[in-house]
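Note: the block below is start14.tsv and it holds TSV, C-alpha atoms.
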chain	number	residue	atom	x	y	z
B	1	MET	CA	0.00	0.00	0.00
B	2	LEU	CA	2.76	2.40	0.87
B	3	TRP	CA	4.43	1.70	-2.47
B	4	LEU	CA	1.18	2.37	-4.33
B	5	PHE	CA	0.63	5.58	-2.36
B	6	LEU	CA	4.16	6.80	-3.13
B	7	MET	CA	3.76	6.02	-6.84
B	8	THR	CA	0.44	7.87	-6.92
B	9	LEU	CA	1.96	10.84	-5.13
B	10	PHE	CA	4.90	10.88	-7.52
B	11	CYS	CA	2.65	10.77	-10.59
B	12	PHE	CA	0.45	13.51	-9.16
B	13	THR	CA	3.52	15.67	-8.47
B	14	VAL	CA	4.85	15.17	-12.00
B	15	LEU	CA	1.46	15.96	-13.54
B	16	ALA	CA	1.08	19.05	-11.35
B	17	PHE	CA	4.54	20.24	-12.31
B	18	GLN	CA	3.83	19.72	-16.02
B	19	HIS	CA	0.47	21.43	-15.65
B	20	LEU	CA	2.09	24.47	-14.04
B	21	ARG	CA	4.78	24.58	-16.74
B	22	LEU	CA	2.10	24.35	-19.43
B	23	LEU	CA	0.15	27.17	-17.77
B	24	ARG	CA	3.29	29.35	-17.70
B	25	GLN	CA	3.87	28.72	-21.40
B	26	VAL	CA	0.24	29.49	-22.27
B	27	ARG	CA	0.46	32.67	-20.21
B	28	ARG	CA	3.68	33.60	-22.06
B	29	ILE	CA	1.86	33.17	-25.37
B	30	TYR	CA	-1.04	35.25	-24.07
B	31	CYS	CA	1.29	38.08	-22.95
B	32	ASP	CA	3.07	38.18	-26.31
B	33	LEU	CA	-0.24	38.25	-28.17
B	34	PHE	CA	-1.44	41.00	-25.85
B	35	GLU	CA	1.59	43.12	-26.87
B	36	VAL	CA	0.75	42.52	-30.53
B	37	ASN	CA	-2.85	43.56	-29.87
B	38	LYS	CA	-1.57	46.82	-28.33
B	39	GLY	CA	0.24	47.62	-31.59
B	40	ASP	CA	3.68	46.09	-31.25
B	41	PHE	CA	3.67	44.28	-34.60
B	42	ASN	CA	7.36	43.43	-34.30
B	43	GLN	CA	6.60	41.19	-31.32
B	44	ARG	CA	7.05	37.45	-31.90
B	45	ILE	CA	6.51	34.47	-29.62
B	46	ARG	CA	9.88	32.96	-28.73
B	47	LEU	CA	9.20	29.92	-26.61
B	48	GLN	CA	11.09	26.63	-26.27
B	49	THR	CA	8.73	23.80	-25.39
B	50	ARG	CA	8.67	20.02	-25.41
B	51	TYR	CA	4.93	19.94	-26.02
B	52	ARG	CA	4.25	19.38	-29.71
B	53	THR	CA	0.82	21.00	-29.57
B	54	VAL	CA	2.19	24.12	-27.90
B	55	ALA	CA	5.06	24.30	-30.39
B	56	GLN	CA	2.56	24.08	-33.26
B	57	LEU	CA	0.44	26.77	-31.62
B	58	VAL	CA	3.50	29.06	-31.32
B	59	LYS	CA	4.38	28.45	-34.97
B	60	GLU	CA	0.86	29.21	-36.20
B	61	CYS	CA	0.63	32.33	-34.00
B	62	ASN	CA	3.88	33.68	-35.43
B	63	ILE	CA	2.67	32.97	-38.98
B	64	PHE	CA	-0.54	34.84	-38.17
B	65	ILE	CA	1.41	37.78	-36.71
B	66	ASN	CA	3.63	37.92	-39.81
B	67	LYS	CA	0.60	38.05	-42.09
B	68	PHE	CA	-1.11	40.58	-39.84
B	69	GLN	CA	1.97	42.81	-39.85
B	70	ALA	CA	2.25	42.55	-43.66
B	71	ASN	CA	-1.43	43.46	-44.02
B	72	MET	CA	-1.07	46.43	-41.70
B	73	GLU	CA	1.98	47.67	-43.60
B	74	HIS	CA	0.09	47.26	-46.87
B	75	MET	CA	-2.90	49.13	-45.46
B	76	ASN	CA	-0.62	51.95	-44.30
B	77	TYR	CA	0.95	52.07	-47.76
B	78	LEU	CA	-2.48	52.18	-49.42
B	79	ASP	CA	-3.58	54.94	-47.07
B	80	LYS	CA	-0.43	56.91	-47.83
B	81	SER	CA	-0.92	56.26	-51.55
B	82	ARG	CA	-4.52	57.44	-51.38
B	83	ARG	CA	-3.60	60.63	-49.58
B	84	GLN	CA	-0.65	61.29	-51.90
B	85	LEU	CA	-2.72	60.54	-54.99
B	86	THR	CA	-5.43	62.89	-53.77
B	87	ALA	CA	-2.81	65.60	-53.20
B	88	ASN	CA	-1.28	64.98	-56.64
B	89	MET	CA	-4.68	65.01	-58.28
B	90	SER	CA	-5.63	68.25	-56.56
B	91	HIS	CA	-2.37	69.87	-57.67
B	92	ASP	CA	-2.56	68.57	-61.24
B	93	LEU	CA	-6.17	69.64	-61.68
B	94	LYS	CA	-5.79	73.00	-59.95
B	95	THR	CA	-3.20	74.41	-62.38
B	96	PRO	CA	-5.13	73.97	-65.66
B	97	LEU	CA	-8.44	74.72	-63.94
B	98	THR	CA	-7.17	78.02	-62.53
B	99	SER	CA	-5.78	78.98	-65.93
B	100	LEU	CA	-9.00	77.99	-67.68
B	101	LEU	CA	-11.14	80.04	-65.30
B	102	GLY	CA	-8.82	83.00	-65.80
B	103	TYR	CA	-9.31	82.95	-69.58
B	104	VAL	CA	-13.08	82.49	-69.21
B	105	GLN	CA	-13.23	85.48	-66.86
B	106	ALA	CA	-11.20	87.58	-69.29
B	107	ILE	CA	-13.52	86.67	-72.17
B	108	ARG	CA	-16.61	87.55	-70.14
B	109	GLU	CA	-15.43	90.72	-68.40
B	110	ASP	CA	-12.75	92.39	-70.55
B	111	PRO	CA	-14.50	94.57	-73.17
B	112	SER	CA	-11.17	95.69	-74.62
B	113	LEU	CA	-10.46	92.28	-76.13
B	114	THR	CA	-10.51	92.13	-79.90
B	115	GLU	CA	-12.35	89.35	-81.70
B	116	GLU	CA	-9.03	87.76	-82.60
B	117	GLU	CA	-7.96	87.79	-78.95
B	118	ARG	CA	-11.29	86.29	-77.91
B	119	GLN	CA	-10.87	83.46	-80.39
B	120	THR	CA	-7.33	82.86	-79.16
B	121	PHE	CA	-8.52	82.74	-75.55
B	122	LEU	CA	-11.33	80.36	-76.50
B	123	LYS	CA	-8.82	78.08	-78.20
B	124	ILE	CA	-6.60	78.08	-75.11
B	125	THR	CA	-9.66	77.44	-72.91
B	126	HIS	CA	-10.53	74.44	-75.05
B	127	GLN	CA	-7.00	73.09	-74.75
B	128	LYS	CA	-7.04	73.49	-70.96
B	129	GLY	CA	-10.39	71.70	-70.83
B	130	GLN	CA	-8.96	68.82	-72.85
B	131	LYS	CA	-6.01	68.66	-70.46
B	132	LEU	CA	-8.39	68.41	-67.51
B	133	GLN	CA	-10.39	65.70	-69.25
B	134	SER	CA	-7.22	63.75	-70.02
B	135	LEU	CA	-6.06	63.94	-66.39
B	136	LEU	CA	-9.43	62.80	-65.07
B	137	ASN	CA	-9.52	59.92	-67.55
B	138	ASP	CA	-6.06	58.84	-66.39
B	139	PHE	CA	-7.09	58.85	-62.74
B	140	PHE	CA	-10.28	56.91	-63.44
B	141	ASP	CA	-8.50	54.39	-65.69
B	142	LEU	CA	-5.84	53.73	-63.05
B	143	ALA	CA	-8.52	53.30	-60.40
B	144	LYS	CA	-10.31	50.74	-62.60
B	145	LEU	CA	-7.08	48.84	-63.24
B	146	GLU	CA	-6.20	48.66	-59.57
B	147	SER	CA	-9.72	47.59	-58.60
B	148	GLU	CA	-9.72	44.80	-61.23
B	149	ASP	CA	-12.79	46.31	-62.95
B	150	SER	CA	-11.23	46.60	-66.40
B	151	LEU	CA	-12.42	44.30	-69.17
B	152	PHE	CA	-10.07	43.08	-71.90
B	153	ASP	CA	-10.77	41.64	-75.32
B	154	PHE	CA	-7.75	39.44	-76.02
B	155	LYS	CA	-7.29	38.47	-79.66
B	156	LYS	CA	-4.70	38.55	-82.44
B	157	THR	CA	-3.51	42.13	-82.89
B	158	ASP	CA	-1.12	43.46	-85.51
B	159	VAL	CA	1.29	45.63	-83.54
B	160	VAL	CA	2.89	46.95	-86.75
B	161	ARG	CA	-0.43	48.40	-87.86
B	162	VAL	CA	-1.06	49.96	-84.45
B	163	ILE	CA	2.36	51.66	-84.51
B	164	LYS	CA	1.88	53.05	-88.03
B	165	GLU	CA	-1.56	54.43	-87.19
B	166	LEU	CA	-0.33	56.10	-84.00
B	167	ILE	CA	2.74	57.63	-85.70
B	168	ALA	CA	0.49	59.00	-88.46
B	169	GLY	CA	-1.79	60.54	-85.82
B	170	LEU	CA	1.21	62.17	-84.13
B	171	TYR	CA	2.51	63.78	-87.32
B	172	GLN	CA	1.68	67.34	-86.26
B	173	ASP	CA	3.12	66.80	-82.76
B	174	LEU	CA	6.34	65.42	-84.22
B	175	LYS	CA	6.58	68.29	-86.68
B	176	LYS	CA	6.00	70.85	-83.93
B	177	ALA	CA	8.73	69.22	-81.80
B	178	ASN	CA	11.11	69.07	-84.77
B	179	MET	CA	11.41	65.33	-84.35
B	180	GLU	CA	11.89	62.71	-87.05
B	181	PRO	CA	10.26	59.28	-86.61
B	182	VAL	CA	12.59	56.31	-87.12
B	183	LEU	CA	10.63	53.08	-87.58
B	184	GLU	CA	12.57	49.83	-87.39
B	185	ILE	CA	9.58	47.57	-87.95
B	186	PRO	CA	8.78	44.84	-90.48
B	187	GLU	CA	6.67	45.54	-93.55
B	188	THR	CA	4.64	42.40	-92.78
B	189	PRO	CA	2.24	42.08	-89.84
B	190	VAL	CA	3.56	41.09	-86.41
B	191	MET	CA	0.77	39.48	-84.42
B	192	VAL	CA	0.50	39.55	-80.63
B	193	TRP	CA	-2.16	38.14	-78.34
B	194	ALA	CA	-3.51	41.28	-76.75
B	195	ASP	CA	-6.33	43.73	-76.20
B	196	ARG	CA	-5.96	46.23	-79.05
B	197	LYS	CA	-7.17	49.23	-77.03
B	198	SER	CA	-4.61	48.43	-74.33
B	199	VAL	CA	-1.81	48.18	-76.90
B	200	GLU	CA	-2.86	51.54	-78.34
B	201	ARG	CA	-2.90	53.07	-74.85
B	202	ILE	CA	0.53	51.69	-73.95
B	203	LEU	CA	2.15	52.89	-77.17
B	204	SER	CA	0.34	56.22	-77.10
B	205	ASN	CA	1.63	56.91	-73.58
B	206	LEU	CA	5.21	55.96	-74.48
B	207	LEU	CA	5.22	57.86	-77.79
B	208	SER	CA	3.75	61.00	-76.21
B	209	ASN	CA	6.28	60.67	-73.40
B	210	GLY	CA	9.08	60.45	-75.98
B	211	ILE	CA	7.86	63.57	-77.77
B	212	ASP	CA	7.47	65.58	-74.57
B	213	TYR	CA	10.82	64.65	-73.08
B	214	GLY	CA	12.95	63.74	-76.11
B	215	LYS	CA	12.48	66.72	-78.38
B	216	HIS	CA	16.03	67.95	-77.73
B	217	GLY	CA	17.34	64.86	-79.52
B	218	GLY	CA	15.26	65.39	-82.65
B	219	VAL	CA	14.48	61.68	-83.09
B	220	LEU	CA	11.69	59.37	-81.94
B	221	GLY	CA	12.31	55.70	-82.68
B	222	VAL	CA	10.19	52.56	-82.56
B	223	SER	CA	11.47	49.03	-83.12
B	224	ILE	CA	10.04	45.50	-82.93
B	225	ASN	CA	11.82	42.27	-82.03
B	226	LYS	CA	9.64	39.19	-82.44
B	227	GLU	CA	10.56	36.04	-80.52
B	228	VAL	CA	8.80	32.69	-80.30
B	229	LYS	CA	6.84	33.40	-77.13
B	230	LEU	CA	7.24	37.15	-76.74
B	231	THR	CA	7.28	40.19	-78.98
B	232	TRP	CA	9.33	43.14	-77.77
B	233	VAL	CA	8.50	46.72	-78.72
B	234	GLU	CA	10.95	49.54	-78.00
B	235	VAL	CA	10.25	53.28	-77.99
B	236	TRP	CA	13.36	55.44	-77.75
B	237	ASP	CA	14.61	59.00	-78.05
B	238	ARG	CA	17.83	60.98	-77.69
B	239	GLY	CA	16.56	63.57	-75.25
B	240	ARG	CA	17.75	64.73	-71.86
B	241	GLY	CA	17.07	61.34	-70.36
B	242	ILE	CA	16.30	60.18	-66.84
B	243	ASN	CA	18.61	60.38	-63.84
B	244	GLN	CA	19.89	57.00	-62.70
B	245	GLU	CA	18.50	57.53	-59.20
B	246	ASP	CA	15.03	58.05	-60.68
B	247	LEU	CA	14.97	54.92	-62.86
B	248	PRO	CA	13.82	52.45	-60.15
B	249	TYR	CA	10.80	54.65	-59.40
B	250	ILE	CA	9.81	55.80	-62.89
B	251	PHE	CA	6.63	53.66	-62.93
B	252	ASN	CA	5.56	54.64	-59.43
B	253	ARG	CA	2.44	56.79	-59.60
B	254	LEU	CA	3.55	58.70	-56.48
B	255	TYR	CA	7.02	59.53	-57.80
B	256	THR	CA	7.65	62.52	-60.06
B	257	GLY	CA	11.40	62.96	-59.59
B	258	GLU	CA	13.23	66.15	-58.77
B	259	HIS	CA	15.43	66.21	-61.84
B	260	SER	CA	14.09	63.46	-64.08
B	261	ARG	CA	13.55	64.34	-67.72
B	262	ASN	CA	12.53	67.93	-68.34
B	263	LYS	CA	11.38	69.94	-65.33
B	264	ASN	CA	8.84	71.71	-67.51
B	265	PHE	CA	7.08	68.40	-68.02
B	266	GLN	CA	7.17	66.88	-64.55
B	267	GLY	CA	3.78	65.28	-64.00
B	268	ASN	CA	1.99	62.73	-61.91
B	269	GLY	CA	3.55	59.74	-63.65
B	270	ILE	CA	0.15	58.15	-64.15
B	271	GLY	CA	0.67	57.52	-67.87
B	272	LEU	CA	3.66	55.27	-67.23
B	273	THR	CA	1.93	53.61	-64.29
B	274	ILE	CA	-1.09	52.81	-66.46
B	275	SER	CA	1.19	51.43	-69.19
B	276	LYS	CA	2.96	49.15	-66.71
B	277	ARG	CA	-0.34	47.88	-65.27
B	278	LEU	CA	-1.71	47.16	-68.76
B	279	ILE	CA	1.45	45.30	-69.76
B	280	GLU	CA	1.28	43.21	-66.60
B	281	LYS	CA	-2.34	42.34	-67.43
B	282	HIS	CA	-0.93	40.84	-70.65
B	283	ASN	CA	1.68	38.84	-68.68
B	284	GLY	CA	4.39	41.05	-70.14
B	285	SER	CA	7.09	43.24	-68.65
B	286	ILE	CA	8.51	46.70	-69.27
B	287	ASN	CA	12.08	47.95	-68.92
B	288	VAL	CA	13.67	51.38	-69.07
B	289	GLU	CA	17.25	52.46	-69.80
B	290	SER	CA	18.60	55.96	-70.11
B	291	HIS	CA	21.83	57.53	-71.28
B	292	PRO	CA	21.18	61.29	-71.52
B	293	PHE	CA	21.38	62.74	-75.04
B	294	GLU	CA	22.34	59.29	-76.36
B	295	ARG	CA	19.40	56.96	-75.92
B	296	THR	CA	16.49	56.70	-73.53
B	297	SER	CA	14.37	53.65	-74.23
B	298	PHE	CA	11.25	51.96	-72.95
B	299	SER	CA	10.88	48.36	-74.08
B	300	PHE	CA	7.93	46.12	-73.29
B	301	SER	CA	6.86	42.59	-74.15
B	302	LEU	CA	3.55	41.09	-75.24
B	303	PRO	CA	2.68	37.42	-75.89
B	304	SER	CA	3.40	36.48	-79.49
B	305	ALA	CA	0.57	35.06	-81.59
B	306	LYS	CA	0.72	32.90	-84.69
B	307	GLN	CA	0.58	34.81	-87.95
The structure given in the file should be rewritten as structure tokens.
Amino acid sequence: MLWLFLMTLFCFTVLAFQHLRLLRQVRRIYCDLFEVNKGDFNQRIRLQTRYRTVAQLVKECNIFINKFQANMEHMNYLDKSRRQLTANMSHDLKTPLTSLLGYVQAIREDPSLTEEERQTFLKITHQKGQKLQSLLNDFFDLAKLESEDSLFDFKKTDVVRVIKELIAGLYQDLKKANMEPVLEIPETPVMVWADRKSVERILSNLLSNGIDYGKHGGVLGVSINKEVKLTWVEVWDRGRGINQEDLPYIFNRLYTGEHSRNKNFQGNGIGLTISKRLIEKHNGSINVESHPFERTSFSFSLPSAKQ
């Protein structure tokens, strides 16, 4: 009987000791989670235990904390992006709007204006209105892309034809900028699997960008390199180029750059951001290289399609 009593007492003592140790470990987990709940997202549960269930619990809690921290950081980034985008939008819309209202007021209230001056002011007012419309369209298009609301009609698209049509439409802009188009493209069609409107938007953004920022070089070039799976299109110029420190951020909608390209044309960067998003929707990629007054190029890929 004494032996049985001693064995029972020993087992009870061992179980009690293990129970207390388990309670301490659970309390340690609780305290660490409490710190996370208070906002310390760098807190992790660091606990050595022989209990497999507790070890698994610690592992899963740390995985949860990692995901929670990543989500919080992403939410903070989105909030910052929203506020910055709102500020950029306000600034970008305010300048042409203020100018437009000034011309409208002059037309309405200045009796000394000649008819020729009135017509000139009306023309400028129309141009400012178009600028506002273009900016608003860019903001709305980017919002649709980022909310996954955009619809695409993927089919065989002749990228050569798209380039020729866009260059023809930019004839007056090229002439005004004293730029000569250099087309290194095949005479025969080059088919890609893409949404035609998206391809037009991508190329239009890059060509307009080349005209705005590359006019000092006098040349705007477009080339095509067709591979088996991908077709690469390059738009290049010999303008003032992009500073090396700006290159990693050139597609960031929040980044305008202090010295990138021409200061007279610093904008919200939405055109390039939209182009990058559209290319990614086509499972393609876009690259940029810049050597000032030698060659600044944007090259992007689209899935090749059978002729």
| message | What's around range 35-37 of chain B at 12 Å? Count all atoms listed in the file, leave out sequence neighbours fewer than 2 positions away in its own chain, and write the answer as a ChimeraX atom specification. | response | /B:28-33,39-45,61-62,64-66,68-69,72
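Taking CA of Ile124 in chain B and CA of Asp237 in chain B as endpoints, the distance between them is 28.7 Å.
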Computed gap from CA of Ser208 in chain B to CA of Ser99 in chain B is 22.8 Å
In Å and to one decimal, CA of His126 in chain B is distant from CA of Leu220 in chain B by 27.7 Å
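Among the candidate residues B:Thr231, B:Thr273, B:Ser297, B:Asn76, the one lying nearest to Ile250 in chain B is B:Thr273, with distances computed using all atoms listed in the file.
With only C-alpha atoms as the atoms that count, the residue of B:Glu116, B:Asp153, B:Asp246, B:Glu60 with the shortest distance to Trp193 in chain B is B:Asp153.
Here the question is which of B:Thr98, B:Gln133, B:Asn209, B:Ser147 gets nearest to Leu170 in chain B using all atoms listed in the file, and that residue is B:Asn209.
For the set B:Arg201, B:Pro181, B:Asn225, B:Lys131, the residue with the smallest atom-to-atom gap to Val160 in chain B is B:Asn225, counting only C-alpha atoms.
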Counting all atoms listed in the file, the residue among B:Ile286, B:Ile167, B:Leu272, B:Leu145 that lies closest to Leu206 in chain B is B:Leu272
Using the incomplete input, complete range 119-130 of chain B to the level of all heavy atoms; output as an mmCIF file, keeping the file's coordinate frame.
data_model
loop_
_atom_site.group_PDB
_atom_site.id
_atom_site.type_symbol
_atom_site.label_atom_id
_atom_site.label_comp_id
_atom_site.auth_asym_id
_atom_site.auth_seq_id
_atom_site.Cartn_x
_atom_site.Cartn_y
_atom_site.Cartn_z
ATOM 1 N N GLN B 119 -10.989 84.770 -79.764
ATOM 2 C CA GLN B 119 -10.870 83.460 -80.390
ATOM 3 C C GLN B 119 -9.624 82.716 -79.893
ATOM 4 O O GLN B 119 -9.648 81.496 -79.685
ATOM 5 C CB GLN B 119 -10.821 83.608 -81.917
ATOM 6 C CG GLN B 119 -12.124 84.084 -82.544
ATOM 7 C CD GLN B 119 -13.284 83.146 -82.243
ATOM 8 O OE1 GLN B 119 -13.129 81.911 -82.256
ATOM 9 N NE2 GLN B 119 -14.445 83.724 -81.965
ATOM 10 N N THR B 120 -8.551 83.466 -79.689
ATOM 11 C CA THR B 120 -7.330 82.860 -79.160
ATOM 12 C C THR B 120 -7.560 82.337 -77.742
ATOM 13 O O THR B 120 -7.154 81.218 -77.399
ATOM 14 C CB THR B 120 -6.176 83.874 -79.137
ATOM 15 O OG1 THR B 120 -5.922 84.314 -80.476
ATOM 16 C CG2 THR B 120 -4.905 83.250 -78.566
ATOM 17 N N PHE B 121 -8.228 83.144 -76.912
ATOM 18 C CA PHE B 121 -8.520 82.740 -75.550
ATOM 19 C C PHE B 121 -9.457 81.524 -75.514
ATOM 20 O O PHE B 121 -9.307 80.623 -74.680
ATOM 21 C CB PHE B 121 -9.143 83.895 -74.762
ATOM 22 C CG PHE B 121 -8.151 84.946 -74.335
ATOM 23 C CD1 PHE B 121 -6.843 84.914 -74.789
ATOM 24 C CD2 PHE B 121 -8.527 85.978 -73.476
ATOM 25 C CE1 PHE B 121 -5.923 85.874 -74.392
ATOM 26 C CE2 PHE B 121 -7.607 86.943 -73.074
ATOM 27 C CZ PHE B 121 -6.305 86.895 -73.543
ATOM 28 N N LEU B 122 -10.425 81.508 -76.434
ATOM 29 C CA LEU B 122 -11.330 80.360 -76.500
ATOM 30 C C LEU B 122 -10.582 79.086 -76.890
ATOM 31 O O LEU B 122 -10.854 78.009 -76.371
ATOM 32 C CB LEU B 122 -12.451 80.634 -77.520
ATOM 33 C CG LEU B 122 -13.557 81.587 -77.066
ATOM 34 C CD1 LEU B 122 -14.491 81.914 -78.232
ATOM 35 C CD2 LEU B 122 -14.367 80.964 -75.913
ATOM 36 N N LYS B 123 -9.626 79.231 -77.795
ATOM 37 C CA LYS B 123 -8.820 78.080 -78.200
ATOM 38 C C LYS B 123 -7.994 77.554 -77.029
ATOM 39 O O LYS B 123 -7.909 76.337 -76.807
ATOM 40 C CB LYS B 123 -7.900 78.479 -79.359
ATOM 41 C CG LYS B 123 -7.039 77.342 -79.879
ATOM 42 C CD LYS B 123 -6.173 77.804 -81.038
ATOM 43 C CE LYS B 123 -5.290 76.664 -81.547
ATOM 44 N NZ LYS B 123 -4.426 77.103 -82.681
ATOM 45 N N ILE B 124 -7.393 78.479 -76.276
ATOM 46 C CA ILE B 124 -6.600 78.080 -75.110
ATOM 47 C C ILE B 124 -7.502 77.429 -74.056
ATOM 48 O O ILE B 124 -7.131 76.420 -73.443
ATOM 49 C CB ILE B 124 -5.877 79.301 -74.509
ATOM 50 C CG1 ILE B 124 -4.848 79.840 -75.506
ATOM 51 C CG2 ILE B 124 -5.199 78.929 -73.190
ATOM 52 C CD1 ILE B 124 -4.188 81.124 -75.063
ATOM 53 N N THR B 125 -8.704 78.007 -73.861
ATOM 54 C CA THR B 125 -9.660 77.440 -72.910
ATOM 55 C C THR B 125 -10.025 76.016 -73.286
ATOM 56 O O THR B 125 -10.100 75.115 -72.430
ATOM 57 C CB THR B 125 -10.929 78.303 -72.852
ATOM 58 O OG1 THR B 125 -10.584 79.634 -72.455
ATOM 59 C CG2 THR B 125 -11.931 77.727 -71.860
ATOM 60 N N HIS B 126 -10.221 75.791 -74.571
ATOM 61 C CA HIS B 126 -10.530 74.440 -75.050
ATOM 62 C C HIS B 126 -9.375 73.479 -74.781
ATOM 63 O O HIS B 126 -9.584 72.330 -74.357
ATOM 64 C CB HIS B 126 -10.855 74.492 -76.546
ATOM 65 C CG HIS B 126 -11.230 73.160 -77.117
ATOM 66 N ND1 HIS B 126 -10.365 72.415 -77.894
ATOM 67 C CD2 HIS B 126 -12.373 72.424 -77.011
ATOM 68 C CE1 HIS B 126 -10.953 71.286 -78.244
ATOM 69 N NE2 HIS B 126 -12.172 71.267 -77.731
ATOM 70 N N GLN B 127 -8.169 73.936 -75.000
ATOM 71 C CA GLN B 127 -7.000 73.090 -74.750
ATOM 72 C C GLN B 127 -6.868 72.756 -73.269
ATOM 73 O O GLN B 127 -6.545 71.617 -72.906
ATOM 74 C CB GLN B 127 -5.732 73.808 -75.242
ATOM 75 C CG GLN B 127 -5.660 73.961 -76.757
ATOM 76 C CD GLN B 127 -4.484 74.804 -77.194
ATOM 77 O OE1 GLN B 127 -3.885 75.538 -76.386
ATOM 78 N NE2 GLN B 127 -4.149 74.746 -78.472
ATOM 79 N N LYS B 128 -7.101 73.748 -72.393
ATOM 80 C CA LYS B 128 -7.040 73.490 -70.960
ATOM 81 C C LYS B 128 -8.119 72.504 -70.532
ATOM 82 O O LYS B 128 -7.891 71.638 -69.675
ATOM 83 C CB LYS B 128 -7.200 74.810 -70.183
ATOM 84 C CG LYS B 128 -6.120 75.840 -70.443
ATOM 85 C CD LYS B 128 -4.770 75.386 -69.950
ATOM 86 C CE LYS B 128 -3.713 76.461 -70.159
ATOM 87 N NZ LYS B 128 -2.370 76.023 -69.708
ATOM 88 N N GLY B 129 -9.316 72.642 -71.139
ATOM 89 C CA GLY B 129 -10.390 71.700 -70.830
ATOM 90 C C GLY B 129 -10.043 70.284 -71.245
ATOM 91 O O GLY B 129 -10.337 69.322 -70.531
ATOM 92 N N GLN B 130 -9.401 70.141 -72.404
ATOM 93 C CA GLN B 130 -8.960 68.820 -72.850
ATOM 94 C C GLN B 130 -7.914 68.244 -71.908
ATOM 95 O O GLN B 130 -7.892 67.031 -71.650
ATOM 96 C CB GLN B 130 -8.402 68.905 -74.276
ATOM 97 C CG GLN B 130 -9.458 69.128 -75.348
ATOM 98 C CD GLN B 130 -8.857 69.165 -76.732
ATOM 99 O OE1 GLN B 130 -7.815 69.802 -76.970
ATOM 100 N NE2 GLN B 130 -9.504 68.506 -77.683
#
